[in-house]
>>> print(open('query_9.txt').read())   # compact mmCIF, C-alpha atoms (C1' of nucleotides)
# COMPACT_ATOMS: atom_id res chain seq x y z
CA MET A 1 0.00 0.00 0.00
CA ARG A 2 2.85 2.37 0.84
CA ALA A 3 4.46 1.64 -2.52
CA THR A 4 1.23 2.56 -4.29
CA HIS A 5 0.12 5.65 -2.36
CA GLY A 6 3.26 6.81 -0.64
CA HIS A 7 3.21 7.89 3.01
CA LEU A 8 -0.18 9.52 3.45
CA HIS A 9 0.64 11.65 6.52
CA TRP A 10 -2.80 11.44 8.04
CA TRP A 11 -5.09 12.73 9.63
CA PRO A 12 -6.35 15.44 7.22
CA ALA A 13 -6.50 18.31 9.72
CA SER A 14 -4.26 21.16 10.75
CA SER A 15 -4.42 20.81 14.53
CA PRO A 16 -5.21 18.28 17.25
CA ILE A 17 -8.52 19.90 18.16
CA GLU A 18 -9.53 19.80 14.53
CA VAL A 19 -8.77 16.08 14.49
CA CYS A 20 -11.09 15.59 17.47
CA LEU A 21 -13.95 17.52 15.92
CA GLY A 22 -13.50 15.74 12.61
CA ALA A 23 -13.46 12.36 14.34
CA ILE A 24 -16.94 13.01 15.71
CA LEU A 25 -18.28 14.64 12.56
CA THR A 26 -17.18 11.85 10.25
CA GLN A 27 -19.23 9.19 12.05
CA ASN A 28 -20.99 7.27 9.28
CA THR A 29 -20.40 10.23 7.01
CA SER A 30 -18.23 10.94 3.99
CA TRP A 31 -15.26 13.20 4.64
CA ASN A 32 -16.31 15.57 1.91
CA ASN A 33 -19.36 16.59 3.93
CA VAL A 34 -17.32 16.92 7.10
CA GLU A 35 -14.95 19.39 5.47
CA ARG A 36 -17.80 21.80 4.81
CA ALA A 37 -18.90 21.69 8.42
CA ILE A 38 -15.32 22.20 9.65
CA ALA A 39 -15.00 25.19 7.34
CA ASN A 40 -18.19 26.62 8.87
CA LEU A 41 -16.80 26.12 12.36
CA LYS A 42 -13.51 27.78 11.48
CA HIS A 43 -15.34 30.74 10.09
CA ALA A 44 -17.65 31.05 13.09
CA ALA A 45 -15.40 30.25 16.03
CA SER A 46 -11.89 29.57 14.77
CA ILE A 47 -12.08 26.04 16.25
CA ASP A 48 -11.52 27.25 19.78
CA PRO A 49 -13.16 24.94 22.34
CA ARG A 50 -14.48 27.73 24.56
CA GLN A 51 -15.79 29.75 21.65
CA LEU A 52 -17.48 26.70 20.14
CA LEU A 53 -19.11 25.89 23.45
CA ARG A 54 -20.46 29.43 23.62
CA LEU A 55 -22.50 28.90 20.46
CA ASP A 56 -26.06 27.96 21.30
CA GLN A 57 -27.54 24.69 20.10
CA PRO A 58 -29.47 25.98 17.03
CA LYS A 59 -26.51 28.07 15.90
CA LEU A 60 -24.10 25.15 16.14
CA ALA A 61 -26.57 22.81 14.46
CA ALA A 62 -26.81 25.19 11.51
CA LEU A 63 -23.03 25.14 11.12
CA LEU A 64 -22.93 21.35 11.26
CA LYS A 65 -25.73 20.87 8.75
CA PRO A 66 -23.58 19.79 5.79
CA ALA A 67 -22.09 16.95 7.84
CA GLY A 68 -25.49 15.30 8.23
CA TYR A 69 -27.06 14.04 11.51
CA PHE A 70 -26.59 17.62 12.64
CA ASN A 71 -28.83 17.40 15.72
CA VAL A 72 -27.09 14.27 16.95
CA LYS A 73 -23.66 15.66 16.22
CA THR A 74 -24.42 18.98 17.87
CA ARG A 75 -25.10 17.16 21.12
CA ARG A 76 -22.03 14.93 20.74
CA LEU A 77 -19.72 17.80 19.93
CA ARG A 78 -21.00 19.79 22.88
CA SER A 79 -20.61 16.90 25.28
CA PHE A 80 -17.00 16.46 24.18
CA LEU A 81 -16.27 20.17 24.37
CA SER A 82 -17.88 20.49 27.76
CA VAL A 83 -15.65 17.77 29.21
CA LEU A 84 -12.62 19.33 27.55
CA VAL A 85 -13.37 22.82 28.82
CA ASN A 86 -14.81 22.07 32.26
CA GLU A 87 -12.68 19.13 33.28
CA PHE A 88 -9.41 19.84 31.49
CA ASP A 89 -9.36 23.61 31.21
CA ALA A 90 -9.85 23.41 27.43
CA ASP A 91 -6.40 21.88 27.18
CA LEU A 92 -6.07 18.79 24.99
CA GLU A 93 -2.67 18.02 26.50
CA ARG A 94 -4.33 17.59 29.85
CA LEU A 95 -7.13 15.48 28.42
CA PHE A 96 -4.58 13.16 26.86
CA ALA A 97 -2.25 13.02 29.86
CA GLY A 98 -1.82 9.59 31.44
CA PRO A 99 -1.73 5.95 30.35
CA THR A 100 -3.38 5.20 27.03
CA GLN A 101 -6.03 2.83 28.36
CA GLN A 102 -6.99 5.25 31.11
CA VAL A 103 -7.43 8.13 28.69
CA ARG A 104 -9.32 5.85 26.31
CA LYS A 105 -11.79 4.96 29.04
CA ARG A 106 -12.36 8.60 29.85
CA LEU A 107 -13.07 9.31 26.18
CA LEU A 108 -15.46 6.36 25.90
CA GLY A 109 -17.34 7.78 28.88
CA ILE A 110 -18.24 10.88 26.88
CA HIS A 111 -21.62 10.75 25.13
CA GLY A 112 -21.15 10.21 21.42
CA ILE A 113 -17.62 8.85 21.58
CA GLY A 114 -17.33 5.16 20.77
CA PRO A 115 -14.25 3.01 20.09
CA GLU A 116 -13.40 4.32 16.63
CA THR A 117 -13.81 7.96 17.55
CA ALA A 118 -11.77 7.50 20.73
CA ASP A 119 -8.98 5.66 18.93
CA SER A 120 -8.89 8.26 16.14
CA MET A 121 -8.41 11.01 18.70
CA LEU A 122 -5.78 9.01 20.59
CA LEU A 123 -3.76 8.07 17.53
CA TYR A 124 -4.01 11.25 15.48
CA ALA A 125 -4.62 14.07 17.95
CA SER A 126 -2.17 12.83 20.56
CA GLY A 127 0.83 10.53 20.59
CA HIS A 128 -1.02 7.55 22.04
CA LEU A 129 -0.72 4.15 20.39
CA SER A 130 -4.30 3.04 19.82
CA PHE A 131 -5.02 1.30 16.55
CA VAL A 132 -8.08 2.59 14.67
CA ILE A 133 -10.56 0.11 13.22
CA ASP A 134 -13.28 1.25 10.86
CA ALA A 135 -15.77 -0.08 8.33
CA TYR A 136 -13.12 -0.16 5.62
CA THR A 137 -10.79 -2.20 7.80
CA LYS A 138 -13.42 -4.80 8.47
CA ARG A 139 -14.49 -5.07 4.83
CA ILE A 140 -10.93 -5.50 3.68
CA PHE A 141 -10.09 -8.05 6.36
CA LEU A 142 -13.29 -9.96 5.68
CA ARG A 143 -12.60 -10.09 1.99
CA HIS A 144 -9.12 -11.43 2.61
CA ALA A 145 -10.55 -13.90 5.11
CA TRP A 146 -8.26 -12.44 7.76
CA CYS A 147 -11.15 -12.36 10.20
CA PRO A 148 -14.55 -14.04 10.60
CA ALA A 149 -17.73 -12.13 9.86
CA GLU A 150 -18.58 -11.97 13.59
CA ALA A 151 -15.30 -10.27 14.48
CA THR A 152 -15.86 -7.34 16.83
CA TYR A 153 -14.03 -4.04 16.96
CA SER A 154 -11.68 -5.29 19.63
CA ASP A 155 -11.11 -8.59 17.78
CA LEU A 156 -9.94 -6.68 14.73
CA GLN A 157 -7.86 -4.34 16.81
CA SER A 158 -6.07 -7.31 18.39
CA VAL A 159 -5.40 -8.86 15.00
CA CYS A 160 -3.91 -5.61 13.69
CA VAL A 161 -1.81 -4.94 16.75
CA ARG A 162 -0.43 -8.49 16.76
CA SER A 163 0.26 -8.39 13.04
CA LEU A 164 2.15 -5.12 13.29
CA SER A 165 3.99 -5.94 16.50
CA HIS A 166 7.24 -6.56 14.65
CA THR A 167 7.70 -2.87 13.96
CA PRO A 168 10.25 -1.09 16.16
CA ARG A 169 8.62 0.91 18.93
CA SER A 170 10.18 4.13 17.79
CA ALA A 171 8.50 3.84 14.38
CA ARG A 172 5.20 2.44 15.57
CA LEU A 173 3.19 5.65 15.93
CA ASP A 174 4.11 6.79 12.46
CA TYR A 175 3.46 3.32 11.09
CA TRP A 176 0.07 2.83 12.73
CA ARG A 177 -1.09 6.24 11.59
CA ASP A 178 -0.18 5.54 8.02
CA TYR A 179 -1.43 1.95 8.11
CA HIS A 180 -4.96 3.01 8.97
CA ALA A 181 -4.78 5.78 6.37
CA GLN A 182 -3.72 3.26 3.74
CA LEU A 183 -6.63 0.98 4.61
CA VAL A 184 -9.05 3.86 4.18
CA MET A 185 -7.49 4.73 0.85
CA VAL A 186 -7.71 1.15 -0.38
CA GLY A 187 -11.24 0.86 0.97
CA LYS A 188 -12.34 3.88 -1.01
CA GLU A 189 -10.86 2.39 -4.14
CA TYR A 190 -12.86 -0.79 -3.65
CA CYS A 191 -16.01 1.26 -3.58
CA ARG A 192 -15.10 3.43 -6.52
CA LYS A 193 -14.20 0.65 -8.90
CA ARG A 194 -17.37 -1.38 -8.53
CA GLN A 195 -15.98 -4.28 -10.39
CA PRO A 196 -17.58 -7.69 -10.32
CA ARG A 197 -15.24 -10.05 -8.55
CA CYS A 198 -15.18 -13.43 -6.92
CA GLU A 199 -13.86 -14.63 -3.58
CA ARG A 200 -10.50 -15.46 -5.07
CA CYS A 201 -10.09 -11.83 -6.04
CA PRO A 202 -9.62 -9.90 -2.82
CA LEU A 203 -10.06 -6.46 -4.30
CA ARG A 204 -13.60 -6.99 -5.41
CA THR A 205 -15.96 -4.24 -4.29
CA LEU A 206 -17.08 -4.97 -0.80
CA LEU A 207 -20.19 -3.21 0.35
CA PRO A 208 -22.09 -3.96 3.54
CA ARG A 209 -25.20 -5.06 1.72
CA SER A 210 -23.59 -6.43 -1.40
CA PRO A 211 -25.12 -9.67 -2.68
CA ALA A 212 -23.34 -12.95 -2.08
CA LEU A 213 -20.23 -13.39 -4.13
CA PRO A 214 -20.09 -15.86 -6.97
CA ARG A 215 -17.92 -18.83 -6.00
CA ASP A 216 -15.48 -18.29 -8.82
CA CYS A 217 -14.82 -15.81 -11.58
CA GLY A 218 -12.75 -18.19 -13.65
CA GLY A 219 -9.58 -16.34 -12.80
CA GLY A 220 -10.27 -13.62 -15.33
CA VAL A 221 -10.34 -10.27 -13.61
CA ARG A 222 -7.99 -9.04 -10.96
CA SER A 223 -7.01 -5.67 -9.65
C1' DT B 1 -33.30 7.63 -8.62
C1' DG B 2 -31.94 5.20 -4.91
C1' DC B 3 -28.09 3.73 -2.42
C1' DC B 4 -24.18 4.84 0.24
C1' DA B 5 -20.85 7.20 3.58
C1' DG B 6 -14.17 6.60 8.16
C1' DG B 7 -20.68 5.29 14.20
C1' DC B 8 -23.09 5.51 18.15
C1' DC B 9 -27.06 5.57 21.17
C1' DG B 10 -31.35 4.01 23.23
C1' DG B 11 -35.20 1.05 23.57
C1' DG B 12 -36.79 -3.37 22.71
C1' DT B 13 -36.39 -8.58 23.37
C1' DA C 1 -26.20 -9.98 25.73
C1' DC C 2 -27.80 -9.03 21.32
C1' DC C 3 -30.78 -6.66 17.75
C1' DC C 4 -32.55 -2.82 15.41
C1' DG C 5 -34.30 1.69 14.11
C1' DG C 6 -33.01 6.43 14.08
C1' DC C 7 -30.20 10.05 12.75
C1' DA C 8 -29.55 13.60 7.53
C1' DT C 9 -26.64 15.70 3.99
C1' DG C 10 -24.19 15.50 -0.54
C1' DG C 11 -22.08 12.45 -4.35
C1' DC C 12 -22.41 9.31 -7.79
>>> encode(input="query_9.txt", output="structure tokens")
Amino acid sequence: MRATHGHLHWWPASSPIEVCLGAILTQNTSWNNVERAIANLKHAASIDPRQLLRLDQPKLAALLKPAGYFNVKTRRLRSFLSVLVNEFDADLERLFAGPTQQVRKRLLGIHGIGPETADSMLLYASGHLSFVIDAYTKRIFLRHAWCPAEATYSDLQSVCVRSLSHTPRSARLDYWRDYHAQLVMVGKEYCRKRQPRCERCPLRTLLPRSPALPRDCGGGVRS
DNA sequence: TGCCAGGCCGGGT
DNA sequence: ACCCGGCATGGC
């Protein structure tokens, strides 16, 4: 993947707080829509936690509209910001201080932050090693038969962490960040190509509700 | 035109 | 402990 795309230098944001906001806004949503909402936020409150928290609910919801689920996300964003401001003096460094698993639990305790959102914040907005699993990861791993269909988030996370454990510790943060980015990139390509494929051809499009695969394609098409 | 997108929560068995 | 509906906009 690195040979094809080069180092991707994720996450696409210009500051840690922007990573956190994007992580919430991109829940079940295409990044394109999130960018518009982030642009609105920048224009309205320059992405400052205290300023954002000062916006009332309808005002914030209006700014988040392009990201979809704007009522849900307004509440989730505010619950995150309120913890950040009231419990950690609006300082991300303080929020992220401490052992990874302890910080992760604190994040998971915030309304609207689940495992993927928490891990995205940990990995990309701070220096914590917490591997991010997402829908693309699961589709790709399923298609390669690297995991069973019932595999949970934490199952997949364990598989990834074990598989990448050979990397030197000093390079691990950089490697994990790029590895997830590469999976997203490859996952998007699967969707874009929409090619008919069989189970022997791992790069066949893999959509959640795609019909059952044919047993064999005769070895014709590959990607 | 309908299906899909980098989840998560809450109420029901 | 699962299972499922709800949430909403923009792209293809």
>>> interface_residues(input="query_9.txt", of="chain A", to="chain B", cutoff="10 Å", atoms="all atoms listed in the file", output="VMD selection string")
chain A and resid 23 to 33 72 76 111 to 117 120 132 to 137 180 to 181 184 187 to 188 191 207 to 208
>>> interface_residues(input="query_9.txt", of="chain C", to="chain A", cutoff="9 Å", atoms="only C-alpha atoms (C1' of nucleotides)", output="PyMOL selection string")
chain C and resi 7-10
>>> residues_around(input="query_9.txt", residues="Ala90 (chain A)", least_positions_apart="2", cutoff="8 Å", atoms="all atoms listed in the file", output="VMD selection string")
chain A and resid 49 to 50 81 84 to 88 92
>>> atom_distance(input="query_9.txt", atom1="CA of Val103 (chain A)", atom2="CA of Leu122 (chain A)")
8.3 Å
>>> atom_distance(input="query_9.txt", atom1="CA of Thr4 (chain A)", atom2="CA of Tyr175 (chain A)")
15.6 Å
>>> atom_distance(input="query_9.txt", atom1="CA of Val186 (chain A)", atom2="CA of Lys138 (chain A)")
12.1 Å
>>> decode(input="query_9.txt", residues="region 2-119 of chain A", atoms="C-alpha atoms", output="PDB file, in the first residue's frame")
ATOM      1  CA  ARG A   2       2.848   2.368   0.837  1.00  0.00           C
ATOM      2  CA  ALA A   3       4.456   1.642  -2.519  1.00  0.00           C
ATOM      3  CA  THR A   4       1.229   2.565  -4.293  1.00  0.00           C
ATOM      4  CA  HIS A   5       0.123   5.650  -2.358  1.00  0.00           C
ATOM      5  CA  GLY A   6       3.259   6.811  -0.643  1.00  0.00           C
ATOM      6  CA  HIS A   7       3.206   7.889   3.008  1.00  0.00           C
ATOM      7  CA  LEU A   8      -0.179   9.523   3.453  1.00  0.00           C
ATOM      8  CA  HIS A   9       0.636  11.648   6.515  1.00  0.00           C
ATOM      9  CA  TRP A  10      -2.796  11.437   8.040  1.00  0.00           C
ATOM     10  CA  TRP A  11      -5.085  12.731   9.634  1.00  0.00           C
ATOM     11  CA  PRO A  12      -6.347  15.435   7.221  1.00  0.00           C
ATOM     12  CA  ALA A  13      -6.497  18.309   9.721  1.00  0.00           C
ATOM     13  CA  SER A  14      -4.261  21.159  10.752  1.00  0.00           C
ATOM     14  CA  SER A  15      -4.419  20.814  14.532  1.00  0.00           C
ATOM     15  CA  PRO A  16      -5.208  18.277  17.250  1.00  0.00           C
ATOM     16  CA  ILE A  17      -8.524  19.897  18.163  1.00  0.00           C
ATOM     17  CA  GLU A  18      -9.529  19.800  14.528  1.00  0.00           C
ATOM     18  CA  VAL A  19      -8.770  16.082  14.494  1.00  0.00           C
ATOM     19  CA  CYS A  20     -11.088  15.590  17.467  1.00  0.00           C
ATOM     20  CA  LEU A  21     -13.948  17.519  15.917  1.00  0.00           C
ATOM     21  CA  GLY A  22     -13.497  15.739  12.606  1.00  0.00           C
ATOM     22  CA  ALA A  23     -13.463  12.360  14.336  1.00  0.00           C
ATOM     23  CA  ILE A  24     -16.943  13.010  15.705  1.00  0.00           C
ATOM     24  CA  LEU A  25     -18.285  14.641  12.564  1.00  0.00           C
ATOM     25  CA  THR A  26     -17.182  11.848  10.253  1.00  0.00           C
ATOM     26  CA  GLN A  27     -19.225   9.192  12.051  1.00  0.00           C
ATOM     27  CA  ASN A  28     -20.986   7.272   9.283  1.00  0.00           C
ATOM     28  CA  THR A  29     -20.399  10.232   7.013  1.00  0.00           C
ATOM     29  CA  SER A  30     -18.228  10.937   3.992  1.00  0.00           C
ATOM     30  CA  TRP A  31     -15.261  13.196   4.644  1.00  0.00           C
ATOM     31  CA  ASN A  32     -16.306  15.569   1.909  1.00  0.00           C
ATOM     32  CA  ASN A  33     -19.363  16.589   3.932  1.00  0.00           C
ATOM     33  CA  VAL A  34     -17.321  16.917   7.096  1.00  0.00           C
ATOM     34  CA  GLU A  35     -14.955  19.395   5.465  1.00  0.00           C
ATOM     35  CA  ARG A  36     -17.804  21.805   4.809  1.00  0.00           C
ATOM     36  CA  ALA A  37     -18.900  21.690   8.423  1.00  0.00           C
ATOM     37  CA  ILE A  38     -15.324  22.202   9.645  1.00  0.00           C
ATOM     38  CA  ALA A  39     -14.999  25.193   7.342  1.00  0.00           C
ATOM     39  CA  ASN A  40     -18.187  26.616   8.870  1.00  0.00           C
ATOM     40  CA  LEU A  41     -16.800  26.117  12.365  1.00  0.00           C
ATOM     41  CA  LYS A  42     -13.511  27.777  11.476  1.00  0.00           C
ATOM     42  CA  HIS A  43     -15.339  30.742  10.095  1.00  0.00           C
ATOM     43  CA  ALA A  44     -17.653  31.049  13.094  1.00  0.00           C
ATOM     44  CA  ALA A  45     -15.403  30.254  16.028  1.00  0.00           C
ATOM     45  CA  SER A  46     -11.887  29.570  14.774  1.00  0.00           C
ATOM     46  CA  ILE A  47     -12.080  26.044  16.246  1.00  0.00           C
ATOM     47  CA  ASP A  48     -11.516  27.252  19.776  1.00  0.00           C
ATOM     48  CA  PRO A  49     -13.164  24.941  22.344  1.00  0.00           C
ATOM     49  CA  ARG A  50     -14.475  27.728  24.557  1.00  0.00           C
ATOM     50  CA  GLN A  51     -15.793  29.750  21.647  1.00  0.00           C
ATOM     51  CA  LEU A  52     -17.478  26.701  20.141  1.00  0.00           C
ATOM     52  CA  LEU A  53     -19.107  25.893  23.449  1.00  0.00           C
ATOM     53  CA  ARG A  54     -20.462  29.426  23.625  1.00  0.00           C
ATOM     54  CA  LEU A  55     -22.499  28.900  20.455  1.00  0.00           C
ATOM     55  CA  ASP A  56     -26.059  27.962  21.303  1.00  0.00           C
ATOM     56  CA  GLN A  57     -27.542  24.694  20.095  1.00  0.00           C
ATOM     57  CA  PRO A  58     -29.471  25.978  17.026  1.00  0.00           C
ATOM     58  CA  LYS A  59     -26.513  28.074  15.897  1.00  0.00           C
ATOM     59  CA  LEU A  60     -24.102  25.149  16.143  1.00  0.00           C
ATOM     60  CA  ALA A  61     -26.569  22.810  14.458  1.00  0.00           C
ATOM     61  CA  ALA A  62     -26.810  25.192  11.515  1.00  0.00           C
ATOM     62  CA  LEU A  63     -23.035  25.145  11.117  1.00  0.00           C
ATOM     63  CA  LEU A  64     -22.929  21.347  11.261  1.00  0.00           C
ATOM     64  CA  LYS A  65     -25.725  20.867   8.750  1.00  0.00           C
ATOM     65  CA  PRO A  66     -23.585  19.794   5.790  1.00  0.00           C
ATOM     66  CA  ALA A  67     -22.086  16.951   7.842  1.00  0.00           C
ATOM     67  CA  GLY A  68     -25.494  15.303   8.233  1.00  0.00           C
ATOM     68  CA  TYR A  69     -27.055  14.043  11.513  1.00  0.00           C
ATOM     69  CA  PHE A  70     -26.594  17.620  12.638  1.00  0.00           C
ATOM     70  CA  ASN A  71     -28.833  17.403  15.720  1.00  0.00           C
ATOM     71  CA  VAL A  72     -27.094  14.273  16.951  1.00  0.00           C
ATOM     72  CA  LYS A  73     -23.659  15.664  16.222  1.00  0.00           C
ATOM     73  CA  THR A  74     -24.420  18.981  17.869  1.00  0.00           C
ATOM     74  CA  ARG A  75     -25.100  17.162  21.120  1.00  0.00           C
ATOM     75  CA  ARG A  76     -22.026  14.929  20.737  1.00  0.00           C
ATOM     76  CA  LEU A  77     -19.721  17.801  19.926  1.00  0.00           C
ATOM     77  CA  ARG A  78     -21.004  19.795  22.884  1.00  0.00           C
ATOM     78  CA  SER A  79     -20.609  16.899  25.284  1.00  0.00           C
ATOM     79  CA  PHE A  80     -17.001  16.456  24.177  1.00  0.00           C
ATOM     80  CA  LEU A  81     -16.270  20.174  24.365  1.00  0.00           C
ATOM     81  CA  SER A  82     -17.880  20.493  27.755  1.00  0.00           C
ATOM     82  CA  VAL A  83     -15.649  17.767  29.205  1.00  0.00           C
ATOM     83  CA  LEU A  84     -12.619  19.326  27.551  1.00  0.00           C
ATOM     84  CA  VAL A  85     -13.368  22.819  28.825  1.00  0.00           C
ATOM     85  CA  ASN A  86     -14.811  22.075  32.255  1.00  0.00           C
ATOM     86  CA  GLU A  87     -12.681  19.125  33.276  1.00  0.00           C
ATOM     87  CA  PHE A  88      -9.411  19.836  31.486  1.00  0.00           C
ATOM     88  CA  ASP A  89      -9.363  23.609  31.207  1.00  0.00           C
ATOM     89  CA  ALA A  90      -9.848  23.410  27.429  1.00  0.00           C
ATOM     90  CA  ASP A  91      -6.401  21.876  27.180  1.00  0.00           C
ATOM     91  CA  LEU A  92      -6.067  18.785  24.986  1.00  0.00           C
ATOM     92  CA  GLU A  93      -2.670  18.016  26.495  1.00  0.00           C
ATOM     93  CA  ARG A  94      -4.328  17.589  29.852  1.00  0.00           C
ATOM     94  CA  LEU A  95      -7.134  15.477  28.421  1.00  0.00           C
ATOM     95  CA  PHE A  96      -4.584  13.156  26.862  1.00  0.00           C
ATOM     96  CA  ALA A  97      -2.250  13.022  29.856  1.00  0.00           C
ATOM     97  CA  GLY A  98      -1.816   9.592  31.442  1.00  0.00           C
ATOM     98  CA  PRO A  99      -1.726   5.953  30.355  1.00  0.00           C
ATOM     99  CA  THR A 100      -3.383   5.202  27.027  1.00  0.00           C
ATOM    100  CA  GLN A 101      -6.027   2.828  28.364  1.00  0.00           C
ATOM    101  CA  GLN A 102      -6.995   5.251  31.106  1.00  0.00           C
ATOM    102  CA  VAL A 103      -7.429   8.127  28.687  1.00  0.00           C
ATOM    103  CA  ARG A 104      -9.317   5.855  26.314  1.00  0.00           C
ATOM    104  CA  LYS A 105     -11.793   4.957  29.035  1.00  0.00           C
ATOM    105  CA  ARG A 106     -12.360   8.600  29.847  1.00  0.00           C
ATOM    106  CA  LEU A 107     -13.068   9.312  26.177  1.00  0.00           C
ATOM    107  CA  LEU A 108     -15.457   6.362  25.902  1.00  0.00           C
ATOM    108  CA  GLY A 109     -17.343   7.784  28.878  1.00  0.00           C
ATOM    109  CA  ILE A 110     -18.240  10.883  26.885  1.00  0.00           C
ATOM    110  CA  HIS A 111     -21.616  10.749  25.133  1.00  0.00           C
ATOM    111  CA  GLY A 112     -21.154  10.208  21.415  1.00  0.00           C
ATOM    112  CA  ILE A 113     -17.620   8.852  21.577  1.00  0.00           C
ATOM    113  CA  GLY A 114     -17.325   5.162  20.773  1.00  0.00           C
ATOM    114  CA  PRO A 115     -14.251   3.008  20.091  1.00  0.00           C
ATOM    115  CA  GLU A 116     -13.399   4.316  16.634  1.00  0.00           C
ATOM    116  CA  THR A 117     -13.810   7.962  17.552  1.00  0.00           C
ATOM    117  CA  ALA A 118     -11.771   7.503  20.728  1.00  0.00           C
ATOM    118  CA  ASP A 119      -8.982   5.663  18.931  1.00  0.00           C
TER     119      ASP A 119
END
